[in-house]
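Printed here is upload01.tsv (TSV, C-alpha atoms):
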```tsv
chain	number	residue	atom	x	y	z
L	1	MET	CA	-2.22	-0.56	17.73
L	2	ARG	CA	-5.09	-2.20	19.60
L	3	PRO	CA	-5.80	-5.73	18.32
L	4	GLY	CA	-9.36	-6.16	17.12
L	5	GLY	CA	-9.69	-3.03	15.06
L	6	GLY	CA	-9.89	0.65	15.46
L	7	GLY	CA	-6.69	1.37	17.30
L	8	ALA	CA	-4.70	3.07	14.59
L	9	GLU	CA	-1.15	3.89	15.56
L	10	ARG	CA	1.28	6.42	14.12
L	11	GLN	CA	3.99	4.37	12.47
L	12	ASP	CA	6.77	5.71	10.26
L	13	GLU	CA	7.90	2.23	9.25
L	14	CYS	CA	5.89	-0.86	8.42
L	15	PRO	CA	5.56	-3.05	11.53
L	16	TYR	CA	4.98	-6.23	9.47
L	17	PRO	CA	7.06	-8.43	7.18
L	18	VAL	CA	6.08	-8.70	3.52
L	19	TYR	CA	4.62	-11.85	1.95
L	20	PRO	CA	5.93	-14.57	1.35
L	21	GLU	CA	7.54	-14.16	4.79
L	22	PRO	CA	5.43	-15.87	7.51
L	23	GLY	CA	2.81	-13.40	8.74
L	24	GLY	CA	3.69	-11.11	5.85
L	25	LEU	CA	1.49	-8.45	4.26
L	26	LEU	CA	-0.39	-9.47	1.10
L	27	ILE	CA	-2.18	-6.53	-0.52
L	28	TRP	CA	-5.79	-7.04	-1.63
L	29	GLY	CA	-7.18	-3.56	-2.03
L	30	ASN	CA	-6.93	0.21	-2.14
L	31	THR	CA	-9.46	2.84	-1.18
L	32	TRP	CA	-10.76	6.02	-2.76
L	33	ASN	CA	-8.38	7.86	-0.44
L	34	ALA	CA	-5.24	5.87	-1.49
L	35	ASP	CA	-5.23	3.81	1.71
L	36	GLN	CA	-4.04	0.23	1.31
L	37	LEU	CA	-5.64	-2.97	2.62
L	38	PHE	CA	-3.66	-6.13	3.33
L	39	TRP	CA	-4.07	-9.59	4.72
L	40	LEU	CA	-1.61	-10.61	7.42
L	41	THR	CA	-0.79	-14.13	6.28
L	42	GLU	CA	-0.74	-15.79	9.68
L	43	GLY	CA	-2.79	-18.88	10.52
L	44	GLU	CA	-5.57	-20.19	8.28
L	45	PRO	CA	-6.38	-18.03	5.22
L	46	ASP	CA	-10.07	-17.69	6.17
L	47	GLU	CA	-8.96	-16.14	9.44
L	48	TRP	CA	-6.16	-13.87	8.23
L	49	PRO	CA	-6.32	-10.52	10.00
L	50	VAL	CA	-6.70	-7.36	7.93
L	51	ALA	CA	-4.08	-4.63	8.15
L	52	VAL	CA	-4.82	-1.15	6.85
L	53	TRP	CA	-2.28	1.52	5.98
L	54	TYR	CA	-3.93	4.93	6.24
L	55	ARG	CA	-1.79	6.91	3.84
L	56	GLN	CA	-3.11	10.37	4.77
L	57	LEU	CA	-2.71	9.67	8.49
L	58	ALA	CA	0.54	7.67	8.21
L	59	GLU	CA	-1.01	5.10	10.55
L	60	TRP	CA	-1.49	1.34	10.61
L	61	ASP	CA	-4.50	-0.52	11.98
L	62	ARG	CA	-5.06	-4.22	12.50
L	63	PHE	CA	-8.47	-5.90	12.42
L	64	ASP	CA	-8.41	-9.44	13.80
L	65	GLY	CA	-11.83	-10.57	12.60
L	66	GLY	CA	-10.83	-11.71	9.09
L	67	PHE	CA	-11.98	-10.39	5.69
L	68	ALA	CA	-15.72	-11.14	5.93
L	69	SER	CA	-16.02	-9.62	9.41
L	70	PHE	CA	-14.00	-6.62	8.27
L	71	MET	CA	-16.29	-5.99	5.31
L	72	LEU	CA	-19.37	-6.41	7.51
L	73	ALA	CA	-17.95	-3.89	9.99
L	74	LEU	CA	-17.39	-1.45	7.12
L	75	VAL	CA	-20.86	-1.66	5.60
L	76	THR	CA	-22.60	-1.55	8.98
L	77	GLY	CA	-20.46	1.36	10.15
L	78	THR	CA	-19.13	-0.44	13.23
L	79	TYR	CA	-15.48	-0.30	12.14
L	80	PRO	CA	-14.06	2.69	14.05
L	81	MET	CA	-12.17	4.08	11.06
L	82	VAL	CA	-14.99	3.61	8.52
L	83	GLU	CA	-15.00	7.28	7.55
L	84	GLU	CA	-11.37	7.02	6.48
L	85	LEU	CA	-12.03	4.02	4.21
L	86	LEU	CA	-15.37	4.76	2.55
L	87	PRO	CA	-16.12	7.85	0.47
L	88	PRO	CA	-18.09	10.56	2.22
L	89	ARG	CA	-21.87	10.29	2.01
L	90	THR	CA	-24.02	13.26	1.19
L	91	PRO	CA	-27.79	13.58	1.65
L	92	ASP	CA	-28.39	13.75	-2.11
L	93	VAL	CA	-26.54	10.46	-2.85
L	94	PRO	CA	-28.24	7.26	-1.68
L	95	GLU	CA	-26.04	4.79	0.17
L	96	TRP	CA	-26.61	2.05	-2.41
L	97	GLU	CA	-27.45	2.98	-5.96
L	98	THR	CA	-27.26	0.97	-9.14
L	99	HIS	CA	-26.96	2.42	-12.59
L	100	SER	CA	-27.85	0.97	-15.95
L	101	ASP	CA	-26.63	2.47	-19.18
L	102	TRP	CA	-29.49	1.70	-21.58
L	103	GLY	CA	-27.81	3.84	-24.22
L	104	HIS	CA	-24.86	1.45	-24.42
L	105	PRO	CA	-25.02	-0.72	-27.59
L	106	ALA	CA	-24.37	-3.97	-25.70
L	107	GLU	CA	-27.01	-3.33	-23.01
L	108	GLY	CA	-29.83	-5.84	-23.30
L	109	MET	CA	-28.21	-7.55	-26.28
L	110	VAL	CA	-29.07	-11.19	-26.81
L	111	ILE	CA	-26.24	-13.34	-28.10
L	112	ASP	CA	-27.13	-16.25	-30.35
L	113	ALA	CA	-24.91	-19.04	-29.02
L	114	THR	CA	-25.62	-21.24	-32.05
L	115	ALA	CA	-23.70	-18.78	-34.19
L	116	VAL	CA	-20.47	-19.38	-32.23
L	117	LEU	CA	-20.86	-22.89	-30.82
L	118	PRO	CA	-20.90	-26.09	-32.84
L	119	ALA	CA	-24.18	-27.95	-32.98
L	120	PRO	CA	-24.40	-30.80	-30.43
L	121	SER	CA	-23.63	-34.19	-31.91
L	122	GLY	CA	-25.82	-36.95	-31.37
```

structure tokens encoding of this file:
Amino acid sequence: MRPGGGGAERQDECPYPVYPEPGGLLIWGNTWNADQLFWLTEGEPDEWPVAVWYRQLAEWDRFDGGFASFMLALVTGTYPMVEELLPPRTPDVPEWETHSDWGHPAEGMVIDATAVLPAPSG
């Protein structure tokens, strides 16, 4: 494994302890491809490295930049293993697309708060 990201290494056993052990793995996410994302709980929480278990590859990777830097590297495509973590893109699917279900009965509904909250005293 190369510290700093991108140096995935074939590993049959987990090279890290499990939280609450010092420096242990604390899971925070899974991917579309069943990979698992962890914090390595060493140092200050804002700086915890990210460890990724690539299930299909049976490899671990460590990213030392912390969560925010990791996410930025993913969305900008600078993380070397980005194609393993994000679903494949096709020309007919925009990278960022929002959907709104106007047919859903709750969509656009206005809730009258006075019907559920007591009137202010005073």

- Task: Give as a ChimeraX atom specification the set of residues within 12 Å of the point (-6.2, -17.4, 3.4), where distances use the file's coordinates and all atoms listed in the file.
- Result: /L:23-26,28,38-50,66-68

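Neighbours of Ala34 in chain L closer than or equal to 12 Å, with all atoms listed in the file counted and sequence neighbours fewer than 3 positions away skipped, come out as Gly29, Asn30, Thr31, Leu37, Val52, Trp53, Tyr54, Arg55, Gln56, Leu57, Ala58, Glu84, Leu85, Leu86 and Pro87 of chain L.
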
What would the file look like if the residues just selected were written as a PDB file, in the coordinates of the input with C-alpha atoms?
```
ATOM      1  CA  GLY L  29      -7.180  -3.560  -2.030  1.00  0.00           C
ATOM      2  CA  ASN L  30      -6.930   0.210  -2.140  1.00  0.00           C
ATOM      3  CA  THR L  31      -9.460   2.840  -1.180  1.00  0.00           C
ATOM      4  CA  LEU L  37      -5.640  -2.970   2.620  1.00  0.00           C
ATOM      5  CA  VAL L  52      -4.820  -1.150   6.850  1.00  0.00           C
ATOM      6  CA  TRP L  53      -2.280   1.520   5.980  1.00  0.00           C
ATOM      7  CA  TYR L  54      -3.930   4.930   6.240  1.00  0.00           C
ATOM      8  CA  ARG L  55      -1.790   6.910   3.840  1.00  0.00           C
ATOM      9  CA  GLN L  56      -3.110  10.370   4.770  1.00  0.00           C
ATOM     10  CA  LEU L  57      -2.710   9.670   8.490  1.00  0.00           C
ATOM     11  CA  ALA L  58       0.540   7.670   8.210  1.00  0.00           C
ATOM     12  CA  GLU L  84     -11.370   7.020   6.480  1.00  0.00           C
ATOM     13  CA  LEU L  85     -12.030   4.020   4.210  1.00  0.00           C
ATOM     14  CA  LEU L  86     -15.370   4.760   2.550  1.00  0.00           C
ATOM     15  CA  PRO L  87     -16.120   7.850   0.470  1.00  0.00           C
TER      16      PRO L  87
END
```

- State, in Å with one decimal place, the distance from CA of Gly65 in chain L to CA of Thr78 in chain L.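 Straight-line distance from CA of Gly65 in chain L to CA of Thr78 in chain L works out to 12.5 Å.
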
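With CA of Trp32 in chain L on one side and CA of Pro88 in chain L on the other, the separation reads 10.0 Å.
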
- With all atoms listed in the file as the basis for distance, which of L:Asn33, L:Met71, L:Pro20, L:Glu13 is at the shortest distance from Glu83 in chain L?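 Using all atoms listed in the file, the shortest distance to Glu83 in chain L belongs to L:Asn33.
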
Save N, CA and C atoms of range 29-72 of chain L from the block above as a CSV table (one decimal), in the first residue's frame.
```csv
chain,number,residue,atom,x,y,z
L,29,GLY,N,-19.2,3.7,5.1
L,29,GLY,CA,-19.9,3.6,3.8
L,29,GLY,C,-19.6,2.4,3.0
L,30,ASN,N,-20.5,2.2,2.1
L,30,ASN,CA,-20.4,1.1,1.1
L,30,ASN,C,-20.6,1.7,-0.3
L,31,THR,N,-20.1,1.0,-1.3
L,31,THR,CA,-20.3,1.5,-2.7
L,31,THR,C,-21.3,0.6,-3.4
L,32,TRP,N,-21.6,1.0,-4.6
L,32,TRP,CA,-22.5,0.3,-5.5
L,32,TRP,C,-21.9,-1.1,-5.9
L,33,ASN,N,-20.6,-1.2,-5.7
L,33,ASN,CA,-19.9,-2.4,-6.1
L,33,ASN,C,-19.6,-3.3,-4.8
L,34,ALA,N,-20.2,-3.0,-3.7
L,34,ALA,CA,-20.0,-3.7,-2.4
L,34,ALA,C,-18.6,-3.5,-1.8
L,35,ASP,N,-17.9,-2.5,-2.2
L,35,ASP,CA,-16.7,-2.1,-1.6
L,35,ASP,C,-17.0,-1.4,-0.2
L,36,GLN,N,-16.1,-1.4,0.7
L,36,GLN,CA,-16.4,-0.8,2.0
L,36,GLN,C,-15.4,0.3,2.3
L,37,LEU,N,-15.9,1.4,2.9
L,37,LEU,CA,-15.1,2.6,3.2
L,37,LEU,C,-15.1,2.7,4.7
L,38,PHE,N,-13.9,3.0,5.2
L,38,PHE,CA,-13.6,3.1,6.7
L,38,PHE,C,-12.8,4.3,7.0
L,39,TRP,N,-13.0,4.8,8.2
L,39,TRP,CA,-12.0,5.7,8.8
L,39,TRP,C,-11.0,4.9,9.6
L,40,LEU,N,-9.7,5.3,9.5
L,40,LEU,CA,-8.7,4.7,10.4
L,40,LEU,C,-8.6,5.7,11.6
L,41,THR,N,-9.1,5.3,12.8
L,41,THR,CA,-9.3,6.2,13.9
L,41,THR,C,-7.9,6.5,14.6
L,42,GLU,N,-7.1,7.2,13.9
L,42,GLU,CA,-5.8,7.6,14.4
L,42,GLU,C,-5.6,9.1,14.3
L,43,GLY,N,-5.2,9.7,15.4
L,43,GLY,CA,-5.1,11.2,15.4
L,43,GLY,C,-6.4,11.9,15.6
L,44,GLU,N,-6.5,13.1,15.1
L,44,GLU,CA,-7.7,13.9,15.3
L,44,GLU,C,-8.8,13.4,14.3
L,45,PRO,N,-10.0,13.4,14.7
L,45,PRO,CA,-11.1,12.9,13.8
L,45,PRO,C,-11.2,13.6,12.5
L,46,ASP,N,-11.0,14.9,12.4
L,46,ASP,CA,-11.0,15.6,11.1
L,46,ASP,C,-9.9,15.2,10.2
L,47,GLU,N,-8.9,14.5,10.7
L,47,GLU,CA,-7.8,14.1,9.9
L,47,GLU,C,-7.7,12.6,9.7
L,48,TRP,N,-8.7,11.8,10.2
L,48,TRP,CA,-8.6,10.4,10.1
L,48,TRP,C,-8.4,10.0,8.6
L,49,PRO,N,-7.4,9.1,8.3
L,49,PRO,CA,-7.3,8.6,7.0
L,49,PRO,C,-8.5,7.7,6.6
L,50,VAL,N,-8.7,7.5,5.3
L,50,VAL,CA,-9.7,6.7,4.8
L,50,VAL,C,-9.1,5.4,4.3
L,51,ALA,N,-9.7,4.3,4.7
L,51,ALA,CA,-9.2,3.0,4.2
L,51,ALA,C,-10.4,2.4,3.4
L,52,VAL,N,-10.0,1.8,2.2
L,52,VAL,CA,-11.0,1.2,1.4
L,52,VAL,C,-10.7,-0.2,1.1
L,53,TRP,N,-11.7,-1.1,1.3
L,53,TRP,CA,-11.6,-2.5,1.0
L,53,TRP,C,-12.3,-2.7,-0.3
L,54,TYR,N,-11.6,-3.0,-1.3
L,54,TYR,CA,-12.1,-3.3,-2.7
L,54,TYR,C,-12.5,-4.8,-2.7
L,55,ARG,N,-13.7,-5.1,-2.5
L,55,ARG,CA,-14.2,-6.5,-2.4
L,55,ARG,C,-13.9,-7.3,-3.6
L,56,GLN,N,-14.2,-6.8,-4.8
L,56,GLN,CA,-14.0,-7.5,-6.0
L,56,GLN,C,-12.5,-7.8,-6.3
L,57,LEU,N,-11.6,-6.9,-5.9
L,57,LEU,CA,-10.2,-7.0,-6.1
L,57,LEU,C,-9.5,-7.7,-4.9
L,58,ALA,N,-10.1,-7.8,-3.8
L,58,ALA,CA,-9.5,-8.3,-2.6
L,58,ALA,C,-8.3,-7.5,-2.2
L,59,GLU,N,-8.4,-6.1,-2.3
L,59,GLU,CA,-7.3,-5.2,-2.0
L,59,GLU,C,-7.7,-4.1,-1.1
L,60,TRP,N,-6.8,-3.7,-0.3
L,60,TRP,CA,-6.9,-2.5,0.6
L,60,TRP,C,-6.2,-1.3,0.0
L,61,ASP,N,-6.8,-0.1,0.2
L,61,ASP,CA,-6.1,1.1,-0.1
L,61,ASP,C,-6.2,2.1,1.1
L,62,ARG,N,-5.3,2.9,1.3
L,62,ARG,CA,-5.3,3.9,2.3
L,62,ARG,C,-5.1,5.3,1.7
L,63,PHE,N,-6.0,6.2,2.1
L,63,PHE,CA,-5.9,7.6,1.6
L,63,PHE,C,-5.7,8.5,2.8
L,64,ASP,N,-4.6,9.2,2.9
L,64,ASP,CA,-4.2,9.9,4.0
L,64,ASP,C,-4.7,11.4,4.1
L,65,GLY,N,-5.5,11.8,3.2
L,65,GLY,CA,-6.0,13.2,3.1
L,65,GLY,C,-7.2,13.5,4.0
L,66,GLY,N,-7.8,12.5,4.6
L,66,GLY,CA,-9.0,12.7,5.4
L,66,GLY,C,-10.3,12.6,4.5
L,67,PHE,N,-11.5,12.7,5.2
L,67,PHE,CA,-12.7,12.4,4.5
L,67,PHE,C,-13.0,13.5,3.4
L,68,ALA,N,-12.9,14.8,3.7
L,68,ALA,CA,-13.2,15.8,2.8
L,68,ALA,C,-12.3,15.7,1.5
L,69,SER,N,-11.1,15.6,1.8
L,69,SER,CA,-10.1,15.5,0.6
L,69,SER,C,-10.4,14.2,-0.2
L,70,PHE,N,-10.8,13.1,0.5
L,70,PHE,CA,-11.1,11.9,-0.2
L,70,PHE,C,-12.3,12.1,-1.1
L,71,MET,N,-13.4,12.7,-0.6
L,71,MET,CA,-14.6,13.0,-1.4
L,71,MET,C,-14.2,13.9,-2.6
L,72,LEU,N,-13.4,14.9,-2.3
L,72,LEU,CA,-13.1,15.8,-3.4
L,72,LEU,C,-12.3,15.1,-4.5
```
